[in-house]
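This is query-v9.cif (mmCIF, C-alpha atoms).
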data_protein
loop_
_atom_site.label_atom_id
_atom_site.label_comp_id
_atom_site.auth_asym_id
_atom_site.auth_seq_id
_atom_site.Cartn_x
_atom_site.Cartn_y
_atom_site.Cartn_z
CA MET A 1 -25.26 8.19 -28.23
CA ALA A 2 -23.58 4.89 -29.02
CA ASP A 3 -21.12 4.48 -31.90
CA ARG A 4 -19.86 8.07 -31.67
CA LEU A 5 -16.33 6.68 -32.06
CA ASN A 6 -17.21 3.97 -34.56
CA GLY A 7 -14.16 3.11 -36.68
CA TYR A 8 -11.70 5.25 -34.71
CA ARG A 9 -8.66 3.47 -33.32
CA ILE A 10 -7.80 4.74 -29.83
CA LEU A 11 -4.57 3.89 -28.00
CA ILE A 12 -4.80 3.67 -24.21
CA LEU A 13 -1.88 3.00 -21.91
CA GLU A 14 -3.11 0.56 -19.33
CA THR A 15 -2.45 1.07 -15.66
CA ARG A 16 -4.78 0.27 -12.74
CA GLU A 17 -8.23 1.26 -13.95
CA GLU A 18 -7.95 1.37 -17.73
CA ALA A 19 -10.11 -1.76 -18.09
CA GLN A 20 -13.07 0.49 -17.28
CA PHE A 21 -11.78 3.13 -19.72
CA SER A 22 -11.46 0.50 -22.46
CA ARG A 23 -15.04 -0.67 -21.85
CA LEU A 24 -16.42 2.87 -22.04
CA LEU A 25 -14.57 3.53 -25.30
CA THR A 26 -15.71 0.23 -26.79
CA GLU A 27 -19.31 1.06 -25.89
CA GLN A 28 -18.91 4.17 -28.06
CA GLY A 29 -17.78 2.02 -31.00
CA ALA A 30 -14.03 2.65 -30.73
CA ASP A 31 -11.42 0.12 -31.78
CA VAL A 32 -9.28 0.17 -28.62
CA LEU A 33 -5.59 -0.70 -28.75
CA GLN A 34 -4.67 -1.54 -25.15
CA CYS A 35 -1.02 -1.18 -24.22
CA PRO A 36 -0.12 -2.61 -20.79
CA MET A 37 2.50 -0.31 -19.27
CA PHE A 38 3.53 -2.51 -16.36
CA THR A 39 2.41 -5.49 -14.37
CA ILE A 40 1.45 -5.06 -10.73
CA HIS A 41 2.56 -7.68 -8.20
CA ASP A 42 2.08 -8.05 -4.47
CA ALA A 43 5.11 -6.92 -2.49
CA PRO A 44 7.62 -9.80 -2.57
CA ASP A 45 8.00 -9.81 1.23
CA PRO A 46 4.56 -9.81 2.91
CA ALA A 47 5.96 -9.52 6.45
CA PRO A 48 6.18 -5.68 6.59
CA ILE A 49 2.65 -5.36 5.20
CA GLU A 50 1.27 -7.85 7.72
CA ALA A 51 3.09 -6.05 10.55
CA TRP A 52 1.67 -2.68 9.44
CA ILE A 53 -1.85 -4.11 9.38
CA ARG A 54 -1.45 -5.59 12.87
CA ARG A 55 -0.15 -2.24 14.17
CA ALA A 56 -3.17 -0.48 12.66
CA VAL A 57 -5.46 -2.93 14.47
CA GLU A 58 -3.66 -2.99 17.82
CA ARG A 59 -2.91 0.77 17.93
CA PRO A 60 -5.55 2.39 15.72
CA LEU A 61 -4.37 5.17 13.45
CA ASP A 62 -5.55 8.73 13.95
CA ASP A 63 -5.23 9.43 10.24
CA LEU A 64 -4.82 7.37 7.07
CA VAL A 65 -3.57 8.75 3.75
CA LEU A 66 -4.29 6.56 0.72
CA MET A 67 -2.23 7.40 -2.35
CA THR A 68 -3.85 4.83 -4.68
CA GLY A 69 -6.95 2.67 -4.84
CA GLU A 70 -4.73 -0.26 -5.81
CA GLY A 71 -2.86 0.14 -2.54
CA LEU A 72 -5.94 -0.30 -0.38
CA ARG A 73 -7.15 -3.24 -2.46
CA ARG A 74 -3.77 -4.97 -2.06
CA LEU A 75 -3.84 -4.27 1.68
CA MET A 76 -7.32 -5.80 1.92
CA LYS A 77 -6.07 -8.90 0.12
CA VAL A 78 -3.48 -9.40 2.88
CA VAL A 79 -5.98 -8.47 5.60
CA ARG A 80 -8.36 -11.20 4.44
CA ARG A 81 -5.56 -13.75 4.13
CA ILE A 82 -4.52 -13.23 7.77
CA GLY A 83 -8.13 -13.15 8.98
CA LEU A 84 -8.33 -9.58 10.28
CA GLU A 85 -10.88 -7.99 7.94
CA ALA A 86 -13.46 -6.99 10.56
CA GLU A 87 -10.83 -5.67 12.95
CA PHE A 88 -8.94 -3.75 10.28
CA VAL A 89 -12.01 -2.14 8.70
CA GLY A 90 -13.31 -1.27 12.17
CA SER A 91 -10.01 0.39 13.01
CA LEU A 92 -10.01 2.41 9.77
CA ALA A 93 -13.58 3.50 10.43
CA ARG A 94 -12.35 5.43 13.49
CA ALA A 95 -9.51 7.17 11.63
CA ARG A 96 -9.68 10.28 9.49
CA LYS A 97 -9.19 9.12 5.92
CA PHE A 98 -7.60 11.20 3.17
CA ALA A 99 -7.57 10.24 -0.51
CA ARG A 100 -5.17 11.30 -3.25
CA GLY A 101 -7.80 11.83 -5.92
CA PRO A 102 -11.01 9.88 -6.57
CA LYS A 103 -9.57 6.37 -7.03
CA PRO A 104 -8.67 5.71 -3.35
CA GLY A 105 -12.13 7.01 -2.43
CA ARG A 106 -13.73 4.37 -4.64
CA ALA A 107 -11.59 1.68 -3.00
CA LEU A 108 -12.69 2.87 0.44
CA ARG A 109 -16.36 2.67 -0.55
CA GLU A 110 -15.80 -0.96 -1.56
CA ILE A 111 -15.27 -1.72 2.16
CA GLY A 112 -18.08 0.55 3.34
CA LEU A 113 -15.98 3.61 4.27
CA GLU A 114 -15.73 7.17 2.99
CA PRO A 115 -12.80 9.60 2.80
CA GLN A 116 -13.11 12.72 4.93
CA LEU A 117 -11.14 14.73 2.38
CA THR A 118 -9.99 14.18 -1.21
CA THR A 119 -7.21 16.20 -2.82
CA GLU A 120 -8.12 18.66 -5.54
CA LYS A 121 -4.83 17.76 -7.21
CA PRO A 122 -4.13 13.99 -7.31
CA THR A 123 -0.42 14.46 -6.63
CA SER A 124 1.93 14.17 -3.67
CA GLU A 125 2.10 17.95 -3.63
CA GLY A 126 -1.68 18.06 -3.47
CA VAL A 127 -1.65 15.68 -0.51
CA ALA A 128 0.96 17.80 1.30
CA GLU A 129 -1.07 20.94 0.65
CA MET A 130 -4.26 19.32 1.96
CA LEU A 131 -2.58 18.01 5.12
CA SER A 132 -0.81 21.32 5.78
CA LYS A 133 -4.17 22.83 6.76
CA LEU A 134 -4.77 20.22 9.46
CA ASP A 135 -3.49 19.75 13.02
CA LEU A 136 -1.42 16.55 12.94
CA LYS A 137 0.67 17.11 16.05
CA GLY A 138 0.97 13.91 18.05
CA HIS A 139 -1.09 11.92 15.54
CA ARG A 140 -0.29 8.42 14.32
CA LEU A 141 -0.66 8.73 10.56
CA GLY A 142 -0.67 5.74 8.24
CA LEU A 143 0.66 6.51 4.76
CA GLN A 144 0.11 4.05 1.92
CA LEU A 145 2.83 4.49 -0.68
CA TYR A 146 3.10 3.40 -4.31
CA PRO A 147 6.19 2.18 -6.23
CA ASP A 148 8.68 4.08 -8.39
CA LYS A 149 8.26 7.37 -6.55
CA ASP A 150 10.49 9.13 -4.04
CA HIS A 151 8.10 9.96 -1.20
CA ALA A 152 10.73 11.55 1.06
CA THR A 153 9.45 15.10 0.52
CA LEU A 154 5.88 14.18 1.44
CA ILE A 155 6.95 12.14 4.47
CA GLY A 156 9.19 14.99 5.61
CA ALA A 157 6.35 17.52 5.27
CA ILE A 158 4.01 15.36 7.38
CA THR A 159 6.67 14.67 9.99
CA ALA A 160 7.39 18.41 10.22
CA GLN A 161 3.77 18.88 11.32
CA GLY A 162 4.44 16.69 14.35
CA ALA A 163 2.89 13.45 13.12
CA ASP A 164 4.32 9.96 13.64
CA VAL A 165 4.26 8.58 10.08
CA ASP A 166 3.86 4.81 9.59
CA THR A 167 4.33 3.88 5.90
CA VAL A 168 3.32 0.78 3.96
CA LEU A 169 4.10 -0.22 0.36
CA PRO A 170 1.74 -3.07 -0.57
CA TYR A 171 2.71 -3.69 -4.21
CA VAL A 172 5.49 -3.40 -6.79
CA TYR A 173 5.69 -2.76 -10.53
CA ASP A 174 7.25 -5.03 -13.13
CA ALA A 175 7.88 -2.50 -15.88
CA GLU A 176 10.30 -4.41 -18.10
CA ALA A 177 7.70 -7.01 -19.00
CA ALA A 178 5.65 -4.34 -20.77
CA ASP A 179 8.43 -2.59 -22.71
CA ALA A 180 7.71 -4.55 -25.91
CA ASN A 181 4.06 -3.49 -25.79
CA ILE A 182 5.05 0.18 -25.55
CA VAL A 183 7.55 -0.06 -28.41
CA THR A 184 4.81 -1.62 -30.58
CA ALA A 185 2.42 1.20 -29.66
CA ILE A 186 5.08 3.76 -30.61
CA GLU A 187 5.45 2.07 -34.02
CA GLU A 188 1.68 2.12 -34.55
CA MET A 189 1.54 5.87 -33.90
CA ALA A 190 4.58 6.58 -36.08
CA GLN A 191 2.96 4.70 -38.96
CA GLY A 192 -0.23 6.73 -38.69
CA ARG A 193 -2.43 3.85 -37.59
CA ILE A 194 -3.81 5.50 -34.43
CA ASP A 195 -6.57 8.13 -34.46
CA ALA A 196 -5.83 9.35 -30.92
CA VAL A 197 -3.87 8.44 -27.81
CA ALA A 198 -5.74 8.94 -24.53
CA LEU A 199 -3.68 9.67 -21.41
CA THR A 200 -5.17 9.45 -17.92
CA SER A 201 -2.11 9.81 -15.66
CA SER A 202 1.16 11.74 -15.67
CA GLY A 203 3.03 8.47 -15.13
CA GLN A 204 1.94 7.30 -18.57
CA VAL A 205 3.73 10.25 -20.17
CA ARG A 206 6.94 9.57 -18.26
CA ARG A 207 6.77 5.87 -19.04
CA LEU A 208 6.39 6.49 -22.78
CA ILE A 209 9.42 8.78 -22.80
CA ASP A 210 11.53 6.51 -20.58
CA VAL A 211 10.89 3.40 -22.70
CA ALA A 212 11.47 5.29 -25.94
CA LYS A 213 14.84 6.53 -24.64
CA ALA A 214 15.82 3.08 -23.36
CA HIS A 215 15.05 1.47 -26.72
CA GLY A 216 16.49 4.23 -28.90
CA CYS A 217 13.16 5.23 -30.44
CA GLU A 218 12.45 8.63 -28.87
CA PRO A 219 12.56 10.38 -32.29
CA GLN A 220 10.02 7.83 -33.55
CA LEU A 221 7.81 8.45 -30.50
CA ARG A 222 7.91 12.22 -30.95
CA ASP A 223 7.15 11.86 -34.65
CA GLY A 224 4.22 9.58 -33.83
CA LEU A 225 2.87 11.98 -31.22
CA GLN A 226 3.28 14.87 -33.65
CA ARG A 227 0.88 13.18 -36.07
CA THR A 228 -1.46 11.65 -33.47
CA PRO A 229 -4.03 13.73 -31.52
CA ILE A 230 -3.23 13.59 -27.80
CA ALA A 231 -6.19 13.47 -25.39
CA SER A 232 -5.48 14.45 -21.76
CA VAL A 233 -7.85 13.77 -18.88
CA GLY A 234 -6.81 16.86 -16.92
CA PRO A 235 -4.23 19.47 -15.91
CA VAL A 236 -1.76 17.12 -14.21
CA VAL A 237 -1.37 15.09 -17.41
CA SER A 238 -1.24 18.21 -19.59
CA ASP A 239 1.45 19.76 -17.37
CA GLU A 240 3.51 16.58 -17.71
CA LEU A 241 3.10 16.64 -21.49
CA GLN A 242 4.22 20.26 -21.56
CA ALA A 243 7.26 19.44 -19.42
CA TYR A 244 8.41 17.09 -22.18
CA GLY A 245 7.68 19.58 -24.96
CA LEU A 246 4.44 17.87 -25.97
CA ARG A 247 0.98 19.35 -26.46
CA THR A 248 -2.61 18.57 -25.48
CA ASP A 249 -5.05 18.40 -28.41
CA ILE A 250 -8.19 17.11 -26.68
CA TYR A 251 -9.35 18.07 -23.18
CA PRO A 252 -12.59 17.53 -21.22
CA ALA A 253 -15.06 20.39 -21.27
CA ASN A 254 -16.02 22.39 -18.16
CA ASP A 255 -13.03 21.13 -16.12
CA ALA A 256 -14.72 17.72 -15.77
CA PHE A 257 -11.57 15.65 -15.37
CA PHE A 258 -13.03 12.15 -15.67
CA MET A 259 -13.14 9.39 -18.27
CA LYS A 260 -16.65 10.01 -19.66
CA PRO A 261 -16.13 13.75 -20.32
CA LEU A 262 -12.78 12.90 -21.91
CA ILE A 263 -14.50 10.41 -24.22
CA SER A 264 -17.12 13.02 -25.15
CA ALA A 265 -14.35 15.49 -26.00
CA MET A 266 -12.59 12.85 -28.11
CA ALA A 267 -15.78 12.04 -30.00
CA ALA A 268 -16.37 15.73 -30.79
CA ALA A 269 -12.78 16.33 -31.90
CA LEU A 270 -12.33 13.18 -33.96
CA ALA A 271 -15.66 13.58 -35.76
CA LYS A 272 -14.07 16.39 -37.79
CA ASN A 273 -12.07 13.81 -39.75
CA PRO A 274 -12.78 10.24 -40.89
CA PRO A 275 -11.00 7.33 -39.17
CA ARG A 276 -7.49 6.94 -40.52
CA MET A 277 -7.71 3.25 -41.28
CA ALA A 278 -10.98 3.79 -43.16
CA ALA A 279 -9.33 6.53 -45.21
CA LYS A 280 -6.47 4.18 -46.12
CA SER A 281 -8.74 1.33 -47.22
#
Could you show the structure in this file as structure tokens?
Amino acid sequence: MADRLNGYRILILETREEAQFSRLLTEQGADVLQCPMFTIHDAPDPAPIEAWIRRAVERPLDDLVLMTGEGLRRLMKVVRRIGLEAEFVGSLARARKFARGPKPGRALREIGLEPQLTTEKPTSEGVAEMLSKLDLKGHRLGLQLYPDKDHATLIGAITAQGADVDTVLPYVYDAEAADANIVTAIEEMAQGRIDAVALTSSGQVRRLIDVAKAHGCEPQLRDGLQRTPIASVGPVVSDELQAYGLRTDIYPANDAFFMKPLISAMAAALAKNPPRMAAKS
């Protein structure tokens, strides 16, 4: 059913995989306003990443926890640069692999591997809960981290189970470069030029609020969100919205917390009213 969103202007807050989300929305006829939230860069000092990779090859890990798909892809970029792809992939093949949500699992499949377990909740707490049911005593566990998050609680929980945790942080965020994009998106919502904002991660909610506060436009953001339907991909995002006193208007049916069910829910909800820009013309 193409063109189900024809004429509707949808705001998405770009992170790692929103290019796919944008394509799916466009295929349904939506006018997509893409708002980059931050730029991702390789870690400025490659030496710790290279050393972690060499350790994983020379002393294979018993377990590997991947927090993001981006993290594994950045690791593989370094692996290929230093000429250890076959050795590294072979080493990971022997380890138990755990994924924080579906995105790291997709990244693993790109190199021919599969996760043994994937968290039901794509959060650090979900990872800790999953690992708490396993015997990690004496294991060497590789933990791929992501920026702008205090991972001390998770690391402490794994260490308390008797594992030797070896962490790696393969990339960094450049958030300031995207602040102007977010302020513009806030203005578009406040002026009633957006039919819906679609949120696919809890970090997007925090980033909106943080930038609005930093630029003195939080009242404008809240006014814009009051008049703009908010689509949430799942419970983690909705919980974050609620924590900031915001609501969820559109939610995937049947607990199918993925992009396509979210788009279907948006199409059904928005069809009740004509596109805003069409109504103004």
Pick from A:Tyr244, A:Tyr171, A:Phe258, A:Phe21 nearest to A:Arg74, counting only C-alpha atoms: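 Between A:Tyr244, A:Tyr171, A:Phe258, A:Phe21, the residue approaching A:Arg74 most closely is A:Tyr171.
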Once the PyMOL selection byres ((chain A and resi 139) around 8) has been applied to the shown file, what residues remain in the selection, as a CSV table (one decimal) with C-alpha atoms, in the coordinates of the input?
chain,number,residue,atom,x,y,z
A,61,LEU,CA,-4.4,5.2,13.4
A,62,ASP,CA,-5.6,8.7,14.0
A,63,ASP,CA,-5.2,9.4,10.2
A,136,LEU,CA,-1.4,16.6,12.9
A,137,LYS,CA,0.7,17.1,16.0
A,138,GLY,CA,1.0,13.9,18.0
A,140,ARG,CA,-0.3,8.4,14.3
A,141,LEU,CA,-0.7,8.7,10.6
A,162,GLY,CA,4.4,16.7,14.4
A,163,ALA,CA,2.9,13.4,13.1
A,164,ASP,CA,4.3,10.0,13.6
Residue with smallest distance to A:Gly156 - pool A:Ala190, A:Val65, A:Ala128, A:Leu72, counting all atoms listed in the file: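 Closest residue, counting all atoms listed in the file: A:Ala128.
Residues near the point (4.2, -6.4, -1.2), at a distance of 9 Å or less over all atoms listed in the file, make up His41, Asp42, Ala43, Pro44, Asp45, Pro46, Ala47, Pro48, Ile49, Arg74, Leu75, Val168, Leu169, Pro170, Tyr171 and Val172 of chain A.
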Atom CA of A:Ser201 to atom CA of A:Ala95, straight-line distance in Å: 28.4 Å
Pick from A:Lys260, A:Val165, A:Asp210, A:Gln204, whichever lies nearest to A:Glu27 using all atoms listed in the file: A:Lys260
Nearest to A:Glu125 by atom-to-atom distance, counting all atoms listed in the file, from A:Ile186, A:Asp174, A:Arg55, A:Val236: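 Using all atoms listed in the file, the shortest distance to A:Glu125 belongs to A:Val236.
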Contacts of A:Glu58 within 10 Å, only C-alpha atoms, excl. fewer than 6 positions in-chain, as a PyMOL selection string: chain A and resi 52+87-88+91
Atomic separation - atom CA of A:Glu14 relative to atom CA of A:Pro36, Å: 4.6 Å
Exercise: A:Ala107 partners within 9 Å, all atoms listed in the file, chain neighbours under 4 positions left out, as number ranges by chain: A: 68-73, 102-103, 111, 113
Filtering to C-alpha atoms, could you give me those residues as a CSV table (one decimal), in the coordinates of the input?
chain,number,residue,atom,x,y,z
A,68,THR,CA,-3.8,4.8,-4.7
A,69,GLY,CA,-7.0,2.7,-4.8
A,70,GLU,CA,-4.7,-0.3,-5.8
A,71,GLY,CA,-2.9,0.1,-2.5
A,72,LEU,CA,-5.9,-0.3,-0.4
A,73,ARG,CA,-7.2,-3.2,-2.5
A,102,PRO,CA,-11.0,9.9,-6.6
A,103,LYS,CA,-9.6,6.4,-7.0
A,111,ILE,CA,-15.3,-1.7,2.2
A,113,LEU,CA,-16.0,3.6,4.3
Separation of atom CA of A:Ile194 from atom CA of A:Arg9, in Å and rounded to one decimal: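 Atom-to-atom, atom CA of A:Ile194 to atom CA of A:Arg9, that is 5.4 Å.
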Residue members of the PyMOL selection byres ((chain A and resi 105) around 10) in the file shown, as a ChimeraX atom specification: /A:66-69,72,97-104,106-110,113-118
